[in-house]
Amino acid sequence: MKIKKLTLLSFAFLTFFSCRQKNNLEEVVQIPEPEAQETQSVYGNPADVKAEKGKFKMRGLTYAYNALEPYIDGRTMELHYSRHHLSYCNNLNKAVQGTELENWTLDQILKGSDPNNAELRNNAGGYYNHNLYWESMAPKAGGKPTDSLAVAIDRDFGSYDTFKSQFVNVASKHFGSGWAWVVVDKTGKLQIGTTSNQDNPLMPEMPIKGTPILALDLWEHAYYLKYQNKRGEYISAFFNVVNWKKAEEKYLEALKHVIRE
């Protein structure tokens with residue numbers, strides 16, 4: 001009888017232990033694996049946006065539409081890139097089609113074409129300006145510039161804080177649609193200014209002249225879905241995504257042209 005009881009107890013223990021092992025194994029199997037980093041936004045892939053037939057192409061973005069959140073929202077980015085920017089690209093191709101301008105570079109068109117040709121001016125500017133705007137931002141960016149650009153900012157503005165304050169002030173006071181710029185002028189000095197509509201510092205007779213290294217879109221479509229009429233908040237938020245690494249590259253490239261000239 002004792003042997004029978006011991007046998008039953010052993011069986012019960014083994015069954016219980018086996019179930020515990022099974023349950024533990026099941027629990028381990030059910031532990032989710034770490035999620036892969038999201039590379040494509042729910043709003044789609046910028047690489048899928050293609051220009052119509054023509055010389056100029058949509059260059060794409062190096063990040064997903066929602067990669068700049070919470071500072072620039074994904075829905076705004078998707079509409080801005082796939083509608084507004086695409087429209088400028090397509091209309092620029094139509095404006096140069098069948099003319100000698102098809103053989104010109106974009107910089108040559110901006111610097112040397114007829115400033116009274118509004119269709120060409122607006123669309124060439126819109127295409128160039130937006131390309132620089134996308135490059136001026138990046139995920140996990142912001143902070144302060146480093147290296148040569150940081151030295152130049154301290155030299156030309158006194159400090160980074162003074163530079164930032166001046167940029168915010170100039171951008172905030174711009175009336176209507178337009179752009180805020182940081183450019184390298186013909187002497188190699190950094191300058192801050194704005195242009196209206198789709199004008200830019202490469203065009204003749206602009207209030208600010210030079211080679212752009214940083215651009216901020218001041219049109220309402222760039223920020224209205226998130227910030228409504230609070231343009232100042234959008235301008236301040238821009239500094240959380242500024243791509244100083246790209247600005248540094250463009251600064252050094254601009255200096256080469258200054259030296260050659």
# chains A, B, ... in the order shown; residues from 1 in each chain; ligands from 1
$ select_by_dssp --residues "segment 90-243 of chain A" --states "helix (DSSP H, G or I)" --output "count of residues only"
76
$ residues_around --residues "Phe163 of chain A" --least-positions-apart "4" --cutoff "10 Å" --atoms "only C-alpha atoms" --output "list in words"
Ile153, Asp154, Asp156, Phe157, Gly158, Ser159, Phe167, Val168, Asn169, Leu190, Gln191 and Ile192 of chain A
$ residues_around --residues "Gly193 of chain A" --least-positions-apart "3" --cutoff "7 Å" --atoms "only C-alpha atoms" --output "list in words"
Val170, Ala180, Trp181, Val182 and Ile208 of chain A
$ write_last_selection --atoms "N, CA, C and O atoms" --output "mmCIF file, in the first residue's frame"
data_model
loop_
_atom_site.group_PDB
_atom_site.id
_atom_site.type_symbol
_atom_site.label_atom_id
_atom_site.label_comp_id
_atom_site.auth_asym_id
_atom_site.auth_seq_id
_atom_site.Cartn_x
_atom_site.Cartn_y
_atom_site.Cartn_z
ATOM 1 N N VAL A 170 14.544 87.012 -37.692
ATOM 2 C CA VAL A 170 14.379 87.321 -39.114
ATOM 3 C C VAL A 170 13.261 86.479 -39.728
ATOM 4 O O VAL A 170 12.416 86.992 -40.465
ATOM 5 N N ALA A 180 13.516 81.419 -45.111
ATOM 6 C CA ALA A 180 14.619 81.966 -44.319
ATOM 7 C C ALA A 180 15.885 81.213 -44.713
ATOM 8 O O ALA A 180 15.844 79.995 -44.934
ATOM 9 N N TRP A 181 16.998 81.950 -44.793
ATOM 10 C CA TRP A 181 18.230 81.383 -45.329
ATOM 11 C C TRP A 181 19.438 81.654 -44.443
ATOM 12 O O TRP A 181 19.511 82.699 -43.783
ATOM 13 N N VAL A 182 20.386 80.725 -44.501
ATOM 14 C CA VAL A 182 21.754 80.998 -44.088
ATOM 15 C C VAL A 182 22.604 80.804 -45.335
ATOM 16 O O VAL A 182 22.532 79.745 -45.984
ATOM 17 N N ILE A 208 18.948 89.140 -50.143
ATOM 18 C CA ILE A 208 20.101 88.439 -49.600
ATOM 19 C C ILE A 208 20.755 87.660 -50.734
ATOM 20 O O ILE A 208 20.071 86.992 -51.519
#
$ residues_around --residues "segment 111-116 of chain A" --least-positions-apart "6" --cutoff "9 Å" --atoms "only C-alpha atoms" --output "NGL selection string"
:A and (101 or 202-204)
$ write_last_selection --atoms "N, CA and C atoms" --output "mmCIF file, in the first residue's frame"
data_model
loop_
_atom_site.group_PDB
_atom_site.id
_atom_site.type_symbol
_atom_site.label_atom_id
_atom_site.label_comp_id
_atom_site.auth_asym_id
_atom_site.auth_seq_id
_atom_site.Cartn_x
_atom_site.Cartn_y
_atom_site.Cartn_z
ATOM 1 N N LEU A 101 16.996 75.965 -72.289
ATOM 2 C CA LEU A 101 17.186 75.778 -70.848
ATOM 3 C C LEU A 101 17.261 74.306 -70.458
ATOM 4 N N LEU A 202 20.234 82.826 -54.957
ATOM 5 C CA LEU A 202 20.999 82.661 -56.197
ATOM 6 C C LEU A 202 20.450 83.534 -57.323
ATOM 7 N N MET A 203 19.222 83.986 -57.177
ATOM 8 C CA MET A 203 18.580 84.782 -58.219
ATOM 9 C C MET A 203 19.071 86.226 -58.187
ATOM 10 N N PRO A 204 18.979 86.913 -59.330
ATOM 11 C CA PRO A 204 19.390 88.324 -59.378
ATOM 12 C C PRO A 204 18.489 89.206 -58.525
#
$ atom_distance --atom1 "atom CA of Tyr65 of chain A" --atom2 "atom CA of Lys250 of chain A"
23.4 Å
$ closest_residue --among "A:His174, A:Lys245, A:Arg75, A:Lys189" --to "Lys209 of chain A" --atoms "only C-alpha atoms"
A:Lys189
$ closest_atom_pairs --of "segment 48-158 of chain A" --to "segment 214-230 of chain A" --cutoff "7 Å" --atoms "only C-alpha atoms" --output "JSON lines"
{"residue": "A:Asp73", "atom": "CA", "partner": "A:Lys226", "partner_atom": "CA", "distance": 6.8}
{"residue": "A:Thr76", "atom": "CA", "partner": "A:Leu225", "partner_atom": "CA", "distance": 6.5}
{"residue": "A:His80", "atom": "CA", "partner": "A:Ala222", "partner_atom": "CA", "distance": 6.6}
{"residue": "A:Leu132", "atom": "CA", "partner": "A:Ala215", "partner_atom": "CA", "distance": 6.2}
{"residue": "A:Tyr133", "atom": "CA", "partner": "A:Ala215", "partner_atom": "CA", "distance": 5.1}
{"residue": "A:Ser136", "atom": "CA", "partner": "A:Leu214", "partner_atom": "CA", "distance": 5.6}
$ closest_residue --among "A:Glu248, A:Leu149, A:Lys256, A:Gly142" --to "Thr187 of chain A" --atoms "only C-alpha atoms"
A:Lys256
$ closest_residue --among "A:Trp244, A:Trp134, A:Phe56, A:Tyr234" --to "Gln97 of chain A" --atoms "only C-alpha atoms"
A:Phe56
$ closest_residue --among "A:Val96, A:Asn90, A:Ser236, A:Ala141" --to "Val49 of chain A" --atoms "only C-alpha atoms"
A:Asn90
$ select_by_dssp --residues "segment 206-254 of chain A" --states "strand (DSSP E or B)" --output "NGL selection string"
:A and (211-217 or 242)
$ write_last_selection --atoms "N, CA, C and O atoms" --output "PDB file, in the first residue's frame"
ATOM      1  N   THR A 211      25.550  81.806 -51.464  1.00  0.00           N
ATOM      2  CA  THR A 211      25.304  80.386 -51.670  1.00  0.00           C
ATOM      3  C   THR A 211      24.579  79.817 -50.455  1.00  0.00           C
ATOM      4  O   THR A 211      25.141  79.808 -49.348  1.00  0.00           O
ATOM      5  N   PRO A 212      23.359  79.340 -50.612  1.00  0.00           N
ATOM      6  CA  PRO A 212      22.596  78.828 -49.462  1.00  0.00           C
ATOM      7  C   PRO A 212      23.202  77.553 -48.889  1.00  0.00           C
ATOM      8  O   PRO A 212      23.618  76.659 -49.627  1.00  0.00           O
ATOM      9  N   ILE A 213      23.236  77.473 -47.561  1.00  0.00           N
ATOM     10  CA  ILE A 213      23.667  76.242 -46.892  1.00  0.00           C
ATOM     11  C   ILE A 213      22.585  75.707 -45.958  1.00  0.00           C
ATOM     12  O   ILE A 213      22.677  74.577 -45.482  1.00  0.00           O
ATOM     13  N   LEU A 214      21.551  76.520 -45.713  1.00  0.00           N
ATOM     14  CA  LEU A 214      20.462  76.112 -44.821  1.00  0.00           C
ATOM     15  C   LEU A 214      19.208  76.862 -45.231  1.00  0.00           C
ATOM     16  O   LEU A 214      19.270  78.064 -45.521  1.00  0.00           O
ATOM     17  N   ALA A 215      18.072  76.151 -45.268  1.00  0.00           N
ATOM     18  CA  ALA A 215      16.822  76.784 -45.691  1.00  0.00           C
ATOM     19  C   ALA A 215      15.668  76.358 -44.799  1.00  0.00           C
ATOM     20  O   ALA A 215      15.568  75.188 -44.424  1.00  0.00           O
ATOM     21  N   LEU A 216      14.795  77.310 -44.488  1.00  0.00           N
ATOM     22  CA  LEU A 216      13.583  77.021 -43.723  1.00  0.00           C
ATOM     23  C   LEU A 216      12.376  77.533 -44.509  1.00  0.00           C
ATOM     24  O   LEU A 216      12.296  78.714 -44.843  1.00  0.00           O
ATOM     25  N   ASP A 217      11.448  76.643 -44.796  1.00  0.00           N
ATOM     26  CA  ASP A 217      10.236  76.981 -45.535  1.00  0.00           C
ATOM     27  C   ASP A 217       9.276  77.731 -44.623  1.00  0.00           C
ATOM     28  O   ASP A 217       8.895  77.234 -43.557  1.00  0.00           O
ATOM     29  N   VAL A 242      17.587  70.377 -37.211  1.00  0.00           N
ATOM     30  CA  VAL A 242      18.560  70.948 -38.148  1.00  0.00           C
ATOM     31  C   VAL A 242      19.692  69.953 -38.402  1.00  0.00           C
ATOM     32  O   VAL A 242      20.290  69.410 -37.473  1.00  0.00           O
TER      33      VAL A 242
END
